[in-house]
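K.L.:
Handing you a structure now.
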Amino acid sequence: MRVIAGKVKGFKLDRVPGDVTRPIMDKVKESLFNIIAPYIGEADFLDLFAGTGSVGIEALSQGAKFVRFIDRDRNAIKTVLRNLEHTRLTEEAEVWRMDAFNFLQREPDRQFDFIYVAPPQYKGLWVKALKMIDKNPGWLFDDTWVIAQIDIVENQELELENLVLFGHREYGSTKLLFYCRPSEEETSE
């Protein structure tokens with residue numbers, strides 16, 4: 001696992017010991033950042049269920065100004081901190097050890113341009129996270145993208161009030177779902 005592009009391109013990242021996380025495949029991460037790279041500069045990024053921190057670190061490497069990493073697993077948090085230190089990106093990051101759902105219920109303390117959701121698979125956790133983000137839109141700017149990484153067998157349509165699905169990509173058994181907050185013009189039509 002490595003950083004694909006940007007200011008720390010090529011840096012190898014540590015994995016979380018054991019099997020509690022599912023690191024994003026380099027091919028999926030590269031495709032994701034090919035899509036979002038034009039918009040990532042100076043962005044605030046939220047990496048929920050951060051695991052190794054690979055996605056958030058890639059965002060920092062490619063120009064995001066700030067990333068908050070959230071994970072409840074102690075080993076994942078240690079790994080994110082090690083990877084940030086190794087890439088020298090600690091100044092632009094916050095690492096919080098806490099349950100993602102407890103975090104999403106909080107009163108928002110800032111808005112994010114991108115929210116990346118990649119929870120453990122096959123438990124419906126991505127659905128719960130998206131519904132919680134949708135019900136607490138204080139985390140969102142008008143043009144925020146919420147991206148869910150799921151296994152294709154988990155795919156389902158969601159009824160949401162503040163987010164709309166605007167795209168998806170499949171890479172083997174991995175699917176990326178792209179949601180955004182519709183503009184006021186779009187919601188009044």
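In the structure tokens, chains take letters A, B, ... by order of appearance, with residues numbered from 1 within each chain and ligands from 1 in the order shown.
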For range 76-91 of chain A, please output as a ChimeraX atom specification all residues within 9 Å (counting only C-alpha atoms; exclusion window: fewer than 6 positions along the same chain).

P.N.:
/A:8,11-17,20-21,50-54,57,60-61,66,69-70,97

K.L.:
List every residue of chain A that DSSP, applied to the backbone of this structure, places in helix (DSSP H, G or I), and write the result as a ChimeraX atom specification.

P.N.:
/A:26-40,54-61,74-87,90-92,100-105,125-135,137-139,152-154,184-188

K.L.:
Write the residues of the selection above to a file with C-alpha atoms, as an mmCIF file, in the first residue's frame.

P.N.:
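Written file, out_33.cif:
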```cif
data_model
loop_
_atom_site.group_PDB
_atom_site.id
_atom_site.type_symbol
_atom_site.label_atom_id
_atom_site.label_comp_id
_atom_site.auth_asym_id
_atom_site.auth_seq_id
_atom_site.Cartn_x
_atom_site.Cartn_y
_atom_site.Cartn_z
ATOM 1 C CA ASP A 26 -4.374 0.941 -5.019
ATOM 2 C CA LYS A 27 -6.327 0.624 -8.284
ATOM 3 C CA VAL A 28 -9.555 1.777 -6.578
ATOM 4 C CA LYS A 29 -7.774 4.618 -4.771
ATOM 5 C CA GLU A 30 -6.116 5.746 -7.995
ATOM 6 C CA SER A 31 -9.461 5.741 -9.820
ATOM 7 C CA LEU A 32 -11.148 7.609 -6.961
ATOM 8 C CA PHE A 33 -8.513 10.329 -6.981
ATOM 9 C CA ASN A 34 -8.598 10.592 -10.778
ATOM 10 C CA ILE A 35 -12.244 11.595 -10.277
ATOM 11 C CA ILE A 36 -11.871 13.960 -7.309
ATOM 12 C CA ALA A 37 -8.367 15.389 -7.949
ATOM 13 C CA PRO A 38 -9.642 18.486 -9.793
ATOM 14 C CA TYR A 39 -11.667 19.439 -6.692
ATOM 15 C CA ILE A 40 -9.402 18.317 -3.833
ATOM 16 C CA SER A 54 -4.677 5.699 3.253
ATOM 17 C CA VAL A 55 -7.535 7.691 1.675
ATOM 18 C CA GLY A 56 -7.128 10.752 3.884
ATOM 19 C CA ILE A 57 -3.340 10.720 3.477
ATOM 20 C CA GLU A 58 -3.799 10.523 -0.299
ATOM 21 C CA ALA A 59 -6.112 13.546 -0.070
ATOM 22 C CA LEU A 60 -3.443 15.491 1.855
ATOM 23 C CA SER A 61 -0.751 14.439 -0.595
ATOM 24 C CA ARG A 74 -6.926 1.490 18.826
ATOM 25 C CA ASN A 75 -4.606 -0.267 16.345
ATOM 26 C CA ALA A 76 -6.106 1.652 13.436
ATOM 27 C CA ILE A 77 -5.514 4.960 15.229
ATOM 28 C CA LYS A 78 -1.908 4.004 15.993
ATOM 29 C CA THR A 79 -1.436 3.087 12.325
ATOM 30 C CA VAL A 80 -2.923 6.366 11.075
ATOM 31 C CA LEU A 81 -0.657 8.325 13.434
ATOM 32 C CA ARG A 82 2.413 6.348 12.287
ATOM 33 C CA ASN A 83 1.519 6.858 8.628
ATOM 34 C CA LEU A 84 0.972 10.584 9.121
ATOM 35 C CA GLU A 85 4.295 10.908 10.930
ATOM 36 C CA HIS A 86 6.101 8.903 8.245
ATOM 37 C CA THR A 87 4.662 11.106 5.471
ATOM 38 C CA THR A 90 0.610 15.526 10.834
ATOM 39 C CA GLU A 91 0.219 19.326 10.767
ATOM 40 C CA GLU A 92 -2.758 19.142 8.386
ATOM 41 C CA ALA A 100 -18.076 7.069 13.657
ATOM 42 C CA PHE A 101 -21.776 6.990 14.527
ATOM 43 C CA ASN A 102 -21.221 8.833 17.800
ATOM 44 C CA PHE A 103 -19.174 11.366 15.852
ATOM 45 C CA LEU A 104 -21.934 11.892 13.254
ATOM 46 C CA GLN A 105 -24.523 12.516 16.004
ATOM 47 C CA LEU A 125 -23.000 0.277 8.289
ATOM 48 C CA TRP A 126 -22.544 2.400 5.160
ATOM 49 C CA VAL A 127 -26.341 2.836 4.965
ATOM 50 C CA LYS A 128 -26.505 3.887 8.613
ATOM 51 C CA ALA A 129 -23.623 6.354 8.120
ATOM 52 C CA LEU A 130 -25.172 7.946 5.026
ATOM 53 C CA LYS A 131 -28.543 8.295 6.721
ATOM 54 C CA MET A 132 -26.884 9.936 9.724
ATOM 55 C CA ILE A 133 -24.951 12.364 7.504
ATOM 56 C CA ASP A 134 -28.171 13.114 5.620
ATOM 57 C CA LYS A 135 -30.025 13.878 8.876
ATOM 58 C CA PRO A 137 -26.364 18.275 7.164
ATOM 59 C CA GLY A 138 -24.363 20.729 9.267
ATOM 60 C CA TRP A 139 -21.340 18.615 8.279
ATOM 61 C CA ILE A 152 -21.197 -4.626 -4.821
ATOM 62 C CA VAL A 153 -23.458 -7.130 -3.030
ATOM 63 C CA GLU A 154 -24.245 -4.437 -0.423
ATOM 64 C CA GLU A 184 -31.482 24.999 -3.989
ATOM 65 C CA GLU A 185 -32.339 25.347 -7.695
ATOM 66 C CA GLU A 186 -32.414 21.566 -8.153
ATOM 67 C CA THR A 187 -34.581 20.963 -5.070
ATOM 68 C CA SER A 188 -37.167 23.579 -6.070
#
```

K.L.:
Measuring between only C-alpha atoms, which one of A:Phe112, A:Val3, A:Asp73, A:Glu107 shows the shortest distance to Ala43 in chain A?

P.N.:
A:Phe112

K.L.:
Hey, which of A:Lys9, A:Arg169, A:Arg72, A:Arg181 ends up closest to Met98 in chain A? Count only C-alpha atoms.

P.N.:
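Checking each candidate against Met98 in chain A, we get A:Arg72 as the closest.
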
K.L.:
One decimal, in Å: what's the spacing between CA of Ile24 in chain A and CA of Glu157 in chain A?

P.N.:
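Separating CA of Ile24 in chain A from CA of Glu157 in chain A is a distance of 22.8 Å.
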
K.L.:
Would you compute the distance between CA of Tyr116 in chain A and CA of Ile150 in chain A? Give it in Å to one decimal.

P.N.:
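Distance reported for this atom pair: 11.2 Å.
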
K.L.:
Closest to Gly167 in chain A among A:Cys180, A:Ile115, A:Leu140, A:Val95, using only C-alpha atoms?

P.N.:
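Ranked by minimum distance to Gly167 in chain A, first place goes to A:Cys180.
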
K.L.:
Would you please give, as a PyMOL selection string, all residues of range 19-157 of chain A that DSSP assigns to strand (DSSP E or B) based on the backbone?

P.N.:
chain A and resi 44-48+66-71+93-97+112-117+140-151

K.L.:
Would you write out those residues with N, CA and C atoms, as a tab-separated table (two decimals), in the first residue's frame?

P.N.:
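out27.tsv, freshly written:
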```
chain	number	residue	atom	x	y	z
A	44	ASP	N	-11.42	20.45	2.76
A	44	ASP	CA	-11.49	19.81	4.08
A	44	ASP	C	-12.11	18.44	3.85
A	45	PHE	N	-11.46	17.40	4.38
A	45	PHE	CA	-11.79	16.02	4.06
A	45	PHE	C	-12.03	15.26	5.35
A	46	LEU	N	-13.10	14.47	5.40
A	46	LEU	CA	-13.40	13.63	6.55
A	46	LEU	C	-13.25	12.18	6.13
A	47	ASP	N	-12.36	11.44	6.80
A	47	ASP	CA	-12.11	10.03	6.52
A	47	ASP	C	-12.73	9.22	7.66
A	48	LEU	N	-13.99	8.79	7.46
A	48	LEU	CA	-14.69	7.98	8.46
A	48	LEU	C	-14.26	6.53	8.34
A	66	PHE	N	-6.89	19.95	4.89
A	66	PHE	CA	-7.14	19.40	6.22
A	66	PHE	C	-7.86	18.07	6.07
A	67	VAL	N	-7.48	17.11	6.91
A	67	VAL	CA	-8.20	15.84	6.99
A	67	VAL	C	-8.41	15.48	8.46
A	68	ARG	N	-9.64	15.10	8.77
A	68	ARG	CA	-9.95	14.53	10.08
A	68	ARG	C	-10.18	13.04	9.87
A	69	PHE	N	-9.44	12.24	10.62
A	69	PHE	CA	-9.53	10.78	10.57
A	69	PHE	C	-10.33	10.30	11.78
A	70	ILE	N	-11.32	9.45	11.54
A	70	ILE	CA	-12.14	8.90	12.63
A	70	ILE	C	-12.07	7.38	12.56
A	71	ASP	N	-11.72	6.74	13.67
A	71	ASP	CA	-11.80	5.29	13.77
A	71	ASP	C	-11.89	4.95	15.24
A	93	ALA	N	-3.64	17.44	9.90
A	93	ALA	CA	-4.56	16.36	10.23
A	93	ALA	C	-4.98	16.38	11.70
A	94	GLU	N	-6.17	15.83	11.94
A	94	GLU	CA	-6.64	15.50	13.28
A	94	GLU	C	-7.03	14.03	13.26
A	95	VAL	N	-6.65	13.32	14.30
A	95	VAL	CA	-6.97	11.90	14.40
A	95	VAL	C	-7.78	11.70	15.68
A	96	TRP	N	-9.01	11.23	15.50
A	96	TRP	CA	-9.92	11.05	16.63
A	96	TRP	C	-10.23	9.58	16.80
A	97	ARG	N	-9.98	9.07	18.00
A	97	ARG	CA	-10.40	7.69	18.30
A	97	ARG	C	-11.80	7.77	18.87
A	112	PHE	N	-17.27	19.81	5.79
A	112	PHE	CA	-16.28	19.11	4.98
A	112	PHE	C	-16.67	19.16	3.51
A	113	ASP	N	-15.67	19.30	2.66
A	113	ASP	CA	-15.89	19.27	1.21
A	113	ASP	C	-16.09	17.85	0.71
A	114	PHE	N	-15.41	16.90	1.36
A	114	PHE	CA	-15.51	15.48	1.02
A	114	PHE	C	-15.66	14.67	2.31
A	115	ILE	N	-16.56	13.69	2.27
A	115	ILE	CA	-16.70	12.74	3.38
A	115	ILE	C	-16.57	11.35	2.76
A	116	TYR	N	-15.57	10.60	3.22
A	116	TYR	CA	-15.33	9.26	2.70
A	116	TYR	C	-15.79	8.24	3.73
A	117	VAL	N	-16.68	7.34	3.31
A	117	VAL	CA	-17.32	6.37	4.20
A	117	VAL	C	-16.92	4.97	3.74
A	140	LEU	N	-22.06	19.38	6.07
A	140	LEU	CA	-21.94	19.53	4.62
A	140	LEU	C	-21.93	20.98	4.16
A	141	PHE	N	-21.09	21.28	3.18
A	141	PHE	CA	-21.22	22.50	2.39
A	141	PHE	C	-22.29	22.23	1.34
A	142	ASP	N	-22.68	23.26	0.58
A	142	ASP	CA	-23.66	23.05	-0.49
A	142	ASP	C	-23.15	22.11	-1.57
A	143	ASP	N	-21.84	22.03	-1.75
A	143	ASP	CA	-21.29	21.20	-2.83
A	143	ASP	C	-20.46	20.02	-2.31
A	144	THR	N	-20.70	19.60	-1.08
A	144	THR	CA	-19.97	18.47	-0.50
A	144	THR	C	-20.27	17.19	-1.27
A	145	TRP	N	-19.22	16.38	-1.42
A	145	TRP	CA	-19.38	15.03	-1.97
A	145	TRP	C	-19.24	14.05	-0.81
A	146	VAL	N	-20.16	13.09	-0.74
A	146	VAL	CA	-20.07	11.99	0.21
A	146	VAL	C	-19.85	10.74	-0.63
A	147	ILE	N	-18.77	10.04	-0.36
A	147	ILE	CA	-18.38	8.88	-1.17
A	147	ILE	C	-18.39	7.65	-0.28
A	148	ALA	N	-19.16	6.64	-0.68
A	148	ALA	CA	-19.23	5.39	0.07
A	148	ALA	C	-18.51	4.30	-0.70
A	149	GLN	N	-17.63	3.58	-0.01
A	149	GLN	CA	-16.94	2.42	-0.58
A	149	GLN	C	-17.62	1.18	-0.03
A	150	ILE	N	-18.20	0.37	-0.92
A	150	ILE	CA	-18.94	-0.81	-0.49
A	150	ILE	C	-18.56	-2.01	-1.36
A	151	ASP	N	-18.96	-3.19	-0.93
A	151	ASP	CA	-18.91	-4.37	-1.77
A	151	ASP	C	-20.16	-4.33	-2.65
```
